[in-house]
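Undergrad: Input final_13.pdb, format and content: PDB, C-alpha atoms.
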```pdb
MODEL        1
ATOM      1  CA  MET A   1     -14.652 110.179 -79.153
ATOM      2  CA  LYS A   2     -12.247 109.191 -76.386
ATOM      3  CA  PHE A   3     -10.851 111.587 -73.824
ATOM      4  CA  PRO A   4      -7.937 111.170 -71.432
ATOM      5  CA  PRO A   5      -8.694 111.351 -67.714
ATOM      6  CA  PRO A   6      -9.128 114.905 -66.381
ATOM      7  CA  LEU A   7      -6.187 117.063 -65.408
ATOM      8  CA  SER A   8      -6.733 118.509 -61.950
ATOM      9  CA  PRO A   9      -4.957 121.767 -61.128
ATOM     10  CA  LEU A  10      -4.883 120.563 -57.531
ATOM     11  CA  THR A  11      -2.631 117.682 -58.510
ATOM     12  CA  CYS A  12       1.063 118.159 -59.292
ATOM     13  CA  PHE A  13       2.867 115.831 -61.649
ATOM     14  CA  THR A  14       6.410 115.608 -62.900
ATOM     15  CA  HIS A  15       6.172 113.597 -66.115
ATOM     16  CA  LEU A  16       3.886 113.717 -69.133
ATOM     17  CA  THR A  17       4.104 111.303 -72.045
ATOM     18  CA  ARG A  18       2.252 113.003 -74.887
ATOM     19  CA  LEU A  19      -0.584 113.993 -72.507
ATOM     20  CA  PRO A  20      -1.355 113.372 -68.834
ATOM     21  CA  ALA A  21      -3.115 110.199 -67.781
ATOM     22  CA  LEU A  22      -3.906 111.174 -64.210
ATOM     23  CA  PRO A  23      -6.341 109.353 -61.921
ATOM     24  CA  ARG A  24      -9.613 111.123 -61.237
ATOM     25  CA  LEU A  25      -9.475 112.347 -57.660
ATOM     26  CA  PRO A  26     -12.531 112.697 -55.463
ATOM     27  CA  GLY A  27     -13.527 116.345 -55.441
ATOM     28  CA  PRO A  28     -16.086 118.691 -53.970
ATOM     29  CA  ARG A  29     -19.633 118.960 -55.160
ATOM     30  CA  LEU A  30     -20.073 120.905 -58.361
ATOM     31  CA  SER A  31     -21.587 123.879 -56.519
ATOM     32  CA  SER A  32     -18.555 124.152 -54.232
ATOM     33  CA  ALA A  33     -16.164 123.637 -57.133
ATOM     34  CA  LEU A  34     -17.927 126.294 -59.186
ATOM     35  CA  LEU A  35     -17.794 128.734 -56.275
ATOM     36  CA  GLY A  36     -14.068 128.159 -55.876
ATOM     37  CA  ALA A  37     -13.461 128.470 -59.616
ATOM     38  CA  THR A  38     -15.446 131.711 -59.731
ATOM     39  CA  ALA A  39     -13.421 133.163 -56.867
ATOM     40  CA  LEU A  40     -10.230 132.194 -58.686
ATOM     41  CA  GLU A  41     -11.535 133.811 -61.893
ATOM     42  CA  LEU A  42     -12.092 137.090 -60.044
ATOM     43  CA  PHE A  43      -8.609 136.892 -58.573
ATOM     44  CA  VAL A  44      -7.086 136.221 -62.001
ATOM     45  CA  LEU A  45      -9.114 139.038 -63.552
ATOM     46  CA  THR A  46      -7.795 141.463 -60.940
ATOM     47  CA  GLY A  47      -4.252 140.365 -61.679
ATOM     48  CA  ARG A  48      -4.845 140.715 -65.423
ATOM     49  CA  LEU A  49      -6.037 144.289 -65.009
ATOM     50  CA  ILE A  50      -2.903 145.112 -63.019
ATOM     51  CA  VAL A  51      -0.425 143.642 -65.521
ATOM     52  CA  TYR A  52      -2.379 144.516 -68.665
ATOM     53  CA  PRO A  53      -0.576 147.846 -69.316
ATOM     54  CA  PHE A  54       2.787 146.059 -69.264
ATOM     55  CA  GLY A  55       1.690 143.837 -72.154
ATOM     56  CA  LEU A  56       0.673 146.634 -74.513
ATOM     57  CA  THR A  57       4.212 147.079 -75.841
ATOM     58  CA  PRO A  58       6.623 144.428 -77.164
ATOM     59  CA  GLU A  59       8.940 142.706 -74.728
ATOM     60  CA  ARG A  60      12.201 144.263 -73.667
ATOM     61  CA  GLY A  61      15.326 142.511 -72.479
ATOM     62  CA  GLY A  62      14.694 139.768 -69.917
ATOM     63  CA  THR A  63      16.539 138.491 -66.862
ATOM     64  CA  GLY A  64      18.705 135.873 -68.490
ATOM     65  CA  PRO A  65      19.973 134.424 -71.771
ATOM     66  CA  ALA A  66      16.690 132.659 -72.453
ATOM     67  CA  GLU A  67      14.779 135.946 -72.282
ATOM     68  CA  ALA A  68      17.072 138.416 -74.014
ATOM     69  CA  GLY A  69      15.321 139.846 -77.050
ATOM     70  CA  PRO A  70      15.739 142.354 -79.866
ATOM     71  CA  PRO A  71      15.201 146.048 -79.170
ATOM     72  CA  ALA A  72      11.607 147.002 -78.507
ATOM     73  CA  THR A  73       9.564 148.854 -81.109
ATOM     74  CA  THR A  74       6.539 151.085 -80.780
ATOM     75  CA  ASP A  75       4.349 148.883 -82.989
ATOM     76  CA  PRO A  76       1.734 147.241 -80.681
ATOM     77  CA  THR A  77       1.184 144.429 -83.198
ATOM     78  CA  ALA A  78       4.841 143.545 -83.531
ATOM     79  CA  THR A  79       6.134 140.061 -82.879
ATOM     80  CA  THR A  80       9.052 139.878 -80.480
ATOM     81  CA  VAL A  81      11.257 136.831 -80.369
ATOM     82  CA  THR A  82      13.204 136.012 -77.232
ATOM     83  CA  THR A  83      16.369 134.053 -77.632
ATOM     84  CA  ALA A  84      17.390 130.797 -76.013
ATOM     85  CA  PRO A  85      20.793 129.168 -75.552
ATOM     86  CA  PRO A  86      22.053 128.070 -79.005
ATOM     87  CA  ALA A  87      21.963 124.312 -78.314
ATOM     88  CA  THR A  88      18.382 124.399 -77.056
ATOM     89  CA  ALA A  89      17.205 126.781 -79.773
ATOM     90  CA  ALA A  90      18.609 124.468 -82.426
ATOM     91  CA  ALA A  91      16.788 121.457 -80.981
ATOM     92  CA  THR A  92      13.272 122.864 -80.506
ATOM     93  CA  PRO A  93      11.080 125.182 -82.588
ATOM     94  CA  PRO A  94      10.061 128.619 -81.307
ATOM     95  CA  VAL A  95       6.754 128.916 -79.446
ATOM     96  CA  VAL A  96       4.300 131.616 -80.502
ATOM     97  CA  LEU A  97       1.908 132.840 -77.776
ATOM     98  CA  LEU A  98      -1.421 134.220 -78.990
ATOM     99  CA  HIS A  99      -3.768 135.902 -76.500
ATOM    100  CA  GLY A 100      -7.564 135.998 -76.374
ATOM    101  CA  PHE A 101     -10.116 138.718 -77.072
ATOM    102  CA  ILE A 102      -9.308 142.191 -75.628
ATOM    103  CA  ASP A 103      -6.125 140.863 -74.045
ATOM    104  CA  ASN A 104      -2.400 140.994 -74.747
ATOM    105  CA  ARG A 105       0.821 139.093 -74.166
ATOM    106  CA  SER A 106       0.657 139.750 -70.403
ATOM    107  CA  ALA A 107      -1.856 136.874 -70.192
ATOM    108  CA  PHE A 108       1.021 134.402 -70.519
ATOM    109  CA  LEU A 109       3.304 135.505 -67.688
ATOM    110  CA  VAL A 110       3.150 132.134 -65.894
ATOM    111  CA  LEU A 111       3.418 130.078 -69.062
ATOM    112  CA  ARG A 112       6.357 132.177 -70.260
ATOM    113  CA  ARG A 113       8.293 131.359 -67.096
ATOM    114  CA  ALA A 114       7.513 127.656 -67.415
ATOM    115  CA  LEU A 115       8.761 127.574 -71.005
ATOM    116  CA  THR A 116      11.808 129.834 -70.685
ATOM    117  CA  ARG A 117      13.049 127.842 -67.690
ATOM    118  CA  HIS A 118      13.314 124.888 -70.060
ATOM    119  CA  GLY A 119      15.144 126.829 -72.761
ATOM    120  CA  ARG A 120      12.275 127.430 -75.191
ATOM    121  CA  ARG A 121      12.498 130.407 -77.533
ATOM    122  CA  LEU A 122       9.320 132.489 -77.357
ATOM    123  CA  ALA A 123       7.464 134.946 -79.547
ATOM    124  CA  SER A 124       4.437 137.023 -78.561
ATOM    125  CA  LEU A 125       1.952 138.511 -81.000
ATOM    126  CA  ASN A 126      -0.383 141.316 -79.931
ATOM    127  CA  TYR A 127      -3.209 141.600 -82.438
ATOM    128  CA  SER A 128      -5.436 144.657 -82.224
ATOM    129  CA  PRO A 129      -8.748 144.440 -80.318
ATOM    130  CA  LEU A 130     -10.172 146.399 -83.258
ATOM    131  CA  THR A 131      -9.566 143.437 -85.576
ATOM    132  CA  ARG A 132     -12.976 142.600 -87.028
ATOM    133  CA  ASP A 133     -12.356 139.241 -88.673
ATOM    134  CA  VAL A 134     -10.710 135.955 -87.646
ATOM    135  CA  ARG A 135      -9.455 135.542 -91.206
ATOM    136  CA  THR A 136      -7.639 138.883 -91.132
ATOM    137  CA  ALA A 137      -6.034 138.040 -87.795
ATOM    138  CA  ALA A 138      -5.009 134.625 -89.153
ATOM    139  CA  GLU A 139      -3.325 136.277 -92.134
ATOM    140  CA  LEU A 140      -1.442 138.562 -89.738
ATOM    141  CA  LEU A 141      -0.378 135.531 -87.721
ATOM    142  CA  GLY A 142       0.852 133.847 -90.901
ATOM    143  CA  ARG A 143       3.043 136.820 -91.799
ATOM    144  CA  HIS A 144       4.559 136.887 -88.336
ATOM    145  CA  VAL A 145       5.211 133.146 -88.350
ATOM    146  CA  GLU A 146       7.129 133.595 -91.608
ATOM    147  CA  GLU A 147       9.093 136.417 -89.990
ATOM    148  CA  ILE A 148       9.878 134.259 -86.952
ATOM    149  CA  CYS A 149      11.044 131.358 -89.110
ATOM    150  CA  ALA A 150      13.269 133.670 -91.151
ATOM    151  CA  ARG A 151      14.702 135.264 -88.004
ATOM    152  CA  THR A 152      15.375 132.033 -86.111
ATOM    153  CA  GLY A 153      16.264 129.691 -88.975
ATOM    154  CA  HIS A 154      13.537 127.202 -88.010
ATOM    155  CA  ASP A 155      11.147 125.751 -90.571
ATOM    156  CA  ARG A 156       8.328 125.230 -88.066
ATOM    157  CA  VAL A 157       6.941 126.725 -84.871
ATOM    158  CA  ASP A 158       4.642 125.674 -82.050
ATOM    159  CA  ILE A 159       1.670 127.871 -81.114
ATOM    160  CA  VAL A 160      -0.203 128.248 -77.828
ATOM    161  CA  GLY A 161      -3.471 130.169 -78.140
ATOM    162  CA  HIS A 162      -5.936 131.156 -75.437
ATOM    163  CA  SER A 163      -9.636 131.484 -76.299
ATOM    164  CA  LEU A 164      -9.992 133.528 -79.520
ATOM    165  CA  GLY A 165      -6.232 133.249 -80.049
ATOM    166  CA  GLY A 166      -6.590 129.490 -80.439
ATOM    167  CA  LEU A 167      -9.360 129.937 -83.007
ATOM    168  CA  ILE A 168      -7.245 132.385 -85.019
ATOM    169  CA  ALA A 169      -4.333 129.949 -84.957
ATOM    170  CA  ARG A 170      -6.545 127.042 -86.006
ATOM    171  CA  TYR A 171      -7.898 129.029 -88.954
ATOM    172  CA  TYR A 172      -4.340 129.806 -90.021
ATOM    173  CA  VAL A 173      -3.346 126.153 -89.768
ATOM    174  CA  GLN A 174      -6.427 124.609 -91.321
ATOM    175  CA  ARG A 175      -7.527 127.163 -93.920
ATOM    176  CA  LEU A 176      -4.419 129.165 -94.859
ATOM    177  CA  GLY A 177      -1.867 126.388 -95.227
ATOM    178  CA  GLY A 178      -0.250 127.080 -91.871
ATOM    179  CA  ASP A 179       0.123 123.353 -91.178
ATOM    180  CA  ARG A 180       3.395 123.436 -93.113
ATOM    181  CA  ARG A 181       4.752 125.855 -90.503
ATOM    182  CA  VAL A 182       3.012 124.793 -87.275
ATOM    183  CA  ARG A 183       4.173 121.575 -85.653
ATOM    184  CA  THR A 184       1.900 121.620 -82.578
ATOM    185  CA  LEU A 185      -1.049 123.897 -81.802
ATOM    186  CA  VAL A 186      -2.102 124.004 -78.153
ATOM    187  CA  THR A 187      -5.408 125.729 -77.421
ATOM    188  CA  LEU A 188      -6.722 126.795 -74.020
ATOM    189  CA  GLY A 189     -10.471 127.321 -73.717
ATOM    190  CA  THR A 190     -10.967 127.895 -77.457
ATOM    191  CA  PRO A 191     -14.513 127.715 -78.940
ATOM    192  CA  HIS A 192     -13.695 125.204 -81.670
ATOM    193  CA  GLY A 193     -17.361 124.336 -82.097
ATOM    194  CA  GLY A 194     -18.675 127.823 -81.351
ATOM    195  CA  THR A 195     -19.957 129.035 -77.998
ATOM    196  CA  ALA A 196     -23.479 130.127 -77.113
ATOM    197  CA  VAL A 197     -22.168 132.572 -74.504
ATOM    198  CA  ALA A 198     -19.789 134.832 -76.383
ATOM    199  CA  PRO A 199     -19.444 138.101 -74.412
ATOM    200  CA  GLY A 200     -20.515 141.064 -76.526
ATOM    201  CA  ALA A 201     -22.028 138.877 -79.241
ATOM    202  CA  GLY A 202     -23.943 141.049 -81.673
ATOM    203  CA  VAL A 203     -21.677 144.040 -80.957
ATOM    204  CA  HIS A 204     -18.176 143.080 -82.108
ATOM    205  CA  PRO A 205     -17.946 141.212 -85.452
ATOM    206  CA  ILE A 206     -15.036 138.983 -84.431
ATOM    207  CA  VAL A 207     -16.910 137.885 -81.307
ATOM    208  CA  ARG A 208     -19.940 136.956 -83.417
ATOM    209  CA  GLN A 209     -17.609 134.672 -85.349
ATOM    210  CA  MET A 210     -17.023 132.690 -82.148
ATOM    211  CA  ARG A 211     -20.678 131.685 -81.969
ATOM    212  CA  GLY A 212     -21.884 128.313 -83.190
ATOM    213  CA  GLY A 213     -23.013 128.359 -86.798
ATOM    214  CA  SER A 214     -20.889 131.361 -87.798
ATOM    215  CA  SER A 215     -19.206 131.289 -91.191
ATOM    216  CA  VAL A 216     -15.798 130.821 -89.541
ATOM    217  CA  ILE A 217     -16.938 127.861 -87.436
ATOM    218  CA  GLU A 218     -18.564 126.276 -90.490
ATOM    219  CA  GLU A 219     -15.357 126.710 -92.515
ATOM    220  CA  LEU A 220     -13.435 124.886 -89.800
ATOM    221  CA  ARG A 221     -15.911 122.003 -89.982
ATOM    222  CA  GLY A 222     -14.920 121.501 -93.617
ATOM    223  CA  PRO A 223     -12.476 118.835 -94.845
ATOM    224  CA  ALA A 224      -8.812 119.216 -93.925
ATOM    225  CA  PRO A 225      -7.136 116.196 -95.539
ATOM    226  CA  GLY A 226      -3.430 115.811 -94.903
ATOM    227  CA  CYS A 227      -3.239 118.475 -92.182
ATOM    228  CA  ARG A 228       0.235 118.094 -90.659
ATOM    229  CA  THR A 229      -0.293 119.979 -87.400
ATOM    230  CA  ARG A 230      -0.845 118.158 -84.109
ATOM    231  CA  PHE A 231      -3.640 119.666 -81.973
ATOM    232  CA  VAL A 232      -3.814 119.604 -78.179
ATOM    233  CA  SER A 233      -6.901 121.252 -76.696
ATOM    234  CA  PHE A 234      -7.276 121.986 -72.979
ATOM    235  CA  TRP A 235     -10.873 122.464 -71.847
ATOM    236  CA  SER A 236     -12.389 122.961 -68.410
ATOM    237  CA  GLU A 237     -15.673 121.617 -67.134
ATOM    238  CA  LEU A 238     -16.073 124.893 -65.185
ATOM    239  CA  ASP A 239     -15.411 127.216 -68.124
ATOM    240  CA  GLN A 240     -18.424 129.540 -68.086
ATOM    241  CA  VAL A 241     -17.462 131.176 -71.395
ATOM    242  CA  MET A 242     -17.644 127.919 -73.346
ATOM    243  CA  VAL A 243     -21.276 126.777 -73.697
ATOM    244  CA  PRO A 244     -21.465 123.869 -73.907
ATOM    245  CA  VAL A 245     -18.071 123.246 -72.290
ATOM    246  CA  GLU A 246     -17.267 120.512 -74.831
ATOM    247  CA  THR A 247     -17.193 123.142 -77.561
ATOM    248  CA  ALA A 248     -13.588 123.755 -76.499
ATOM    249  CA  CYS A 249     -12.678 120.280 -77.799
ATOM    250  CA  VAL A 250     -11.303 119.667 -81.289
ATOM    251  CA  ASP A 251     -13.679 117.235 -82.987
ATOM    252  CA  HIS A 252     -12.688 116.768 -86.625
ATOM    253  CA  PRO A 253     -12.076 113.495 -88.500
ATOM    254  CA  ASP A 254      -9.110 114.857 -90.457
ATOM    255  CA  LEU A 255      -7.150 116.328 -87.549
ATOM    256  CA  ASP A 256      -4.647 114.667 -85.225
ATOM    257  CA  ALA A 257      -6.168 115.973 -82.005
ATOM    258  CA  VAL A 258      -6.111 115.207 -78.302
ATOM    259  CA  ASN A 259      -8.487 116.884 -75.839
ATOM    260  CA  VAL A 260      -7.421 117.302 -72.208
ATOM    261  CA  ARG A 261     -10.061 117.962 -69.559
ATOM    262  CA  VAL A 262      -9.083 120.259 -66.696
ATOM    263  CA  THR A 263     -11.024 120.345 -63.441
ATOM    264  CA  GLY A 264     -11.447 123.022 -60.820
ATOM    265  CA  ILE A 265     -10.660 126.189 -62.785
ATOM    266  CA  GLY A 266     -12.411 128.505 -65.209
ATOM    267  CA  HIS A 267     -11.696 130.280 -68.473
ATOM    268  CA  LEU A 268      -9.322 133.025 -67.348
ATOM    269  CA  ALA A 269      -7.245 130.727 -65.156
ATOM    270  CA  LEU A 270      -6.331 128.321 -67.957
ATOM    271  CA  PRO A 271      -3.253 130.218 -69.232
ATOM    272  CA  VAL A 272      -1.978 131.145 -65.757
ATOM    273  CA  HIS A 273      -2.395 128.039 -63.620
ATOM    274  CA  PRO A 274       1.021 126.446 -62.907
ATOM    275  CA  THR A 275      -0.191 122.872 -63.379
ATOM    276  CA  VAL A 276      -1.754 123.666 -66.738
ATOM    277  CA  ALA A 277       1.444 125.465 -67.723
ATOM    278  CA  ALA A 278       3.461 122.355 -66.866
ATOM    279  CA  ALA A 279       1.093 120.201 -68.931
ATOM    280  CA  VAL A 280       1.347 122.580 -71.892
ATOM    281  CA  ARG A 281       5.131 122.493 -71.710
ATOM    282  CA  GLU A 282       5.227 118.718 -71.699
ATOM    283  CA  ALA A 283       2.694 118.525 -74.527
ATOM    284  CA  LEU A 284       4.963 120.750 -76.602
ATOM    285  CA  GLU A 285       7.931 118.547 -75.771
ATOM    286  CA  ALA A 286       6.148 115.339 -76.805
ATOM    287  CA  PRO A 287       7.755 113.798 -79.908
ATOM    288  CA  GLU A 288       5.932 113.637 -83.199
ATOM    289  CA  ALA A 289       4.887 110.284 -84.678
ATOM    290  CA  GLY A 290       7.940 110.207 -86.918
ATOM    291  CA  GLU A 291      10.220 110.900 -83.963
ATOM    292  CA  ASP A 292       8.882 108.241 -81.616
ATOM    293  CA  ASP A 293       6.414 105.764 -83.110
ATOM    294  CA  ALA A 294       6.046 103.848 -79.875
ATOM    295  CA  THR A 295       4.945 106.944 -77.958
ATOM    296  CA  ALA A 296       2.617 108.061 -80.701
ATOM    297  CA  ALA A 297       0.958 104.661 -80.787
ATOM    298  CA  GLY A 298      -0.045 105.074 -77.145
ATOM    299  CA  ALA A 299      -1.584 108.531 -77.596
ATOM    300  CA  THR A 300      -5.304 109.178 -77.251
ATOM    301  CA  SER A 301      -6.830 110.785 -80.340
ATOM    302  CA  ALA A 302     -10.113 112.592 -80.597
ATOM    303  CA  ALA A 303     -10.223 112.249 -84.345
TER     304      ALA A 303
ENDMDL
END
```
Could the structure of this file be written out as structure tokens, please?
TA:
Amino acid sequence: MKFPPPLSPLTCFTHLTRLPALPRLPGPRLSSALLGATALELFVLTGRLIVYPFGLTPERGGTGPAEAGPPATTDPTATTVTTAPPATAAATPPVVLLHGFIDNRSAFLVLRRALTRHGRRLASLNYSPLTRDVRTAAELLGRHVEEICARTGHDRVDIVGHSLGGLIARYYVQRLGGDRRVRTLVTLGTPHGGTAVAPGAGVHPIVRQMRGGSSVIEELRGPAPGCRTRFVSFWSELDQVMVPVETACVDHPDLDAVNVRVTGIGHLALPVHPTVAAAVREALEAPEAGEDDATAAGATSAA
């Protein structure tokens, strides 16, 4: 399996063709890097706790035309679609944001700004922390994707999922026929191969499904011939939730997948770091093989 060079959050870049090909910069010793990443994780966790209540309800009207949305409802699992300028909305599919375990849409505040600034139409799905099965959550995601397509007039969407959210989205794509609706699936710190350090394992059923050898992980190892979705997986060498860290990579012979290594940050920082957000945006903007054969030929695949 080949991997592109690591993406360092300490390095800013302005252009991404398919995925970043950045030089590996000399960095601190692992112990120092881990200490810094841990401090950042604590800072991010504090911020998450502060903004968490604001993500419990669907989005209300935003600050500009790219963020204006339909009236809010009281359903905490509702999908809310924010609108974009007509020309941009017609050119690009909506992006669905899917949070991780015991989280909500507030986890994507930084990524939302990065995408809305470039005219992307967004949808956020809050699934209940009481959900006990990845399959059930994937079915819910499928219903909301159909609703989004009907509401926006698009045939396909892009999805960005953090941690468990990425696993739910992958199950929808790979096992429930979601590849006909999902153009690109970007995952951030998702246990594609199962993790040995799943917090609360043995207590919550859906968390047990994130462990290696679970029935869900084994289903995803099965054949997926003709899958039409493009996968982009961001994984960090300092992600303490993914054990081993490479479990956050997509490794499947039937999938069009690229794995991007991130250095210097941990699990919680993946969806909020500005450099990662910029890389996600550019990955979503990368043309498909049918749109630009020359670009696709130069892409690095993990399949």
Undergrad: Which of these, A:Arg112, A:His162, A:Arg208, A:Arg281, has the shortest distance to A:Leu98 once you count only C-alpha atoms?
TA: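 Selected residue with least distance to A:Leu98: A:His162.
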Undergrad: Applying the PyMOL selection byres ((chain A and resi 175) around 12) to the file I just gave you, which residues come out? Please list them as an MDAnalysis selection string.
TA: chainID A and resid 134:135 138:139 142 167:174 176:180 216:225 227
Undergrad: Which is closest to A:Arg156 among A:Gly194, A:Pro93, A:Pro53, A:Pro253, if we use only C-alpha atoms?
TA: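 Under the stated criterion, the closest residue is A:Pro93.
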Undergrad: Point out the residue among A:Val241, A:Leu284, A:Met210, A:Val232 with the least atom-to-atom distance to A:Pro94, counting only C-alpha atoms.
TA: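 Answer, going by the shortest atom-to-atom distance: A:Leu284.
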Undergrad: Could you pull the residues within 6 Å of A:Gly100, counting only C-alpha atoms, minus those fewer than 3 positions along the same chain, as number ranges by chain?
TA: A: 103, 162-165
Undergrad: Which residue is closest to A:Asn104? Choose from A:Ser128, A:Thr152, A:Val262, A:Ala269 and count all atoms listed in the file.
TA: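 For A:Asn104, the nearest of the given residues is A:Ser128.
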Undergrad: Go through A:Val186, A:Ala279, A:Leu268, A:Val260 one by one, measure the shortest atom-to-atom distance of each to A:Arg48 using only C-alpha atoms, and give the residue with the smallest value.
TA: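 With only C-alpha atoms as the atom set, the closest residue is A:Leu268.
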Undergrad: Hey, can you check how far atom CA of A:Asp158 sits from atom CA of A:Leu111?
TA: 13.8 Å
Undergrad: Between A:Phe234, A:Val272, A:Arg228, A:Pro244, which residue has the minimum interatomic distance to A:Arg211, considering only C-alpha atoms?
TA: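 Among the listed residues, A:Pro244 lies closest to A:Arg211.
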Undergrad: What is the atom CA of A:Asp251-atom CA of A:Pro191 distance in Å, reported with one decimal?
TA: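 Computing it gives 11.3 Å between the two atoms.
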Undergrad: Taking the file above as input, evaluate the PyMOL selection byres ((chain A and resi 259) around 7) and report the hits as a PyMOL selection string.
TA: chain A and resi 3+232-234+249-250+257-258+260-261+302
Undergrad: Mind dumping the selected residues with C-alpha atoms as a tab-separated table (two decimals), keeping the file's coordinate frame?
TA:
```
chain	number	residue	atom	x	y	z
A	3	PHE	CA	-10.85	111.59	-73.82
A	232	VAL	CA	-3.81	119.60	-78.18
A	233	SER	CA	-6.90	121.25	-76.70
A	234	PHE	CA	-7.28	121.99	-72.98
A	249	CYS	CA	-12.68	120.28	-77.80
A	250	VAL	CA	-11.30	119.67	-81.29
A	257	ALA	CA	-6.17	115.97	-82.00
A	258	VAL	CA	-6.11	115.21	-78.30
A	260	VAL	CA	-7.42	117.30	-72.21
A	261	ARG	CA	-10.06	117.96	-69.56
A	302	ALA	CA	-10.11	112.59	-80.60
```
Undergrad: Calculate how many Å separate atom CA of A:Thr195 from atom CA of A:Thr247, rounding to one decimal.
TA: 6.5 Å
Undergrad: Take the point (2.6, 129.5, -67.0) as written in the file and pick out every residue within 8 Å of it, counting all atoms listed in the file; give the list as JSON, numbers by chain.
TA: {"A": [108, 109, 110, 111, 112, 113, 114, 115, 271, 272, 273, 274, 276, 277, 278]}
Undergrad: Adding 6 Å on each side of the box along x, y and z that holds all listed atoms of stretch 166-178 of chain A, could you give its centre and edge lengths in Å to one decimal, as lines of an AutoDock Vina configuration file?
TA:
```
center_x = -4.8
center_y = 128.5
center_z = -87.8
size_x = 21.1
size_y = 19.8
size_z = 26.8
```
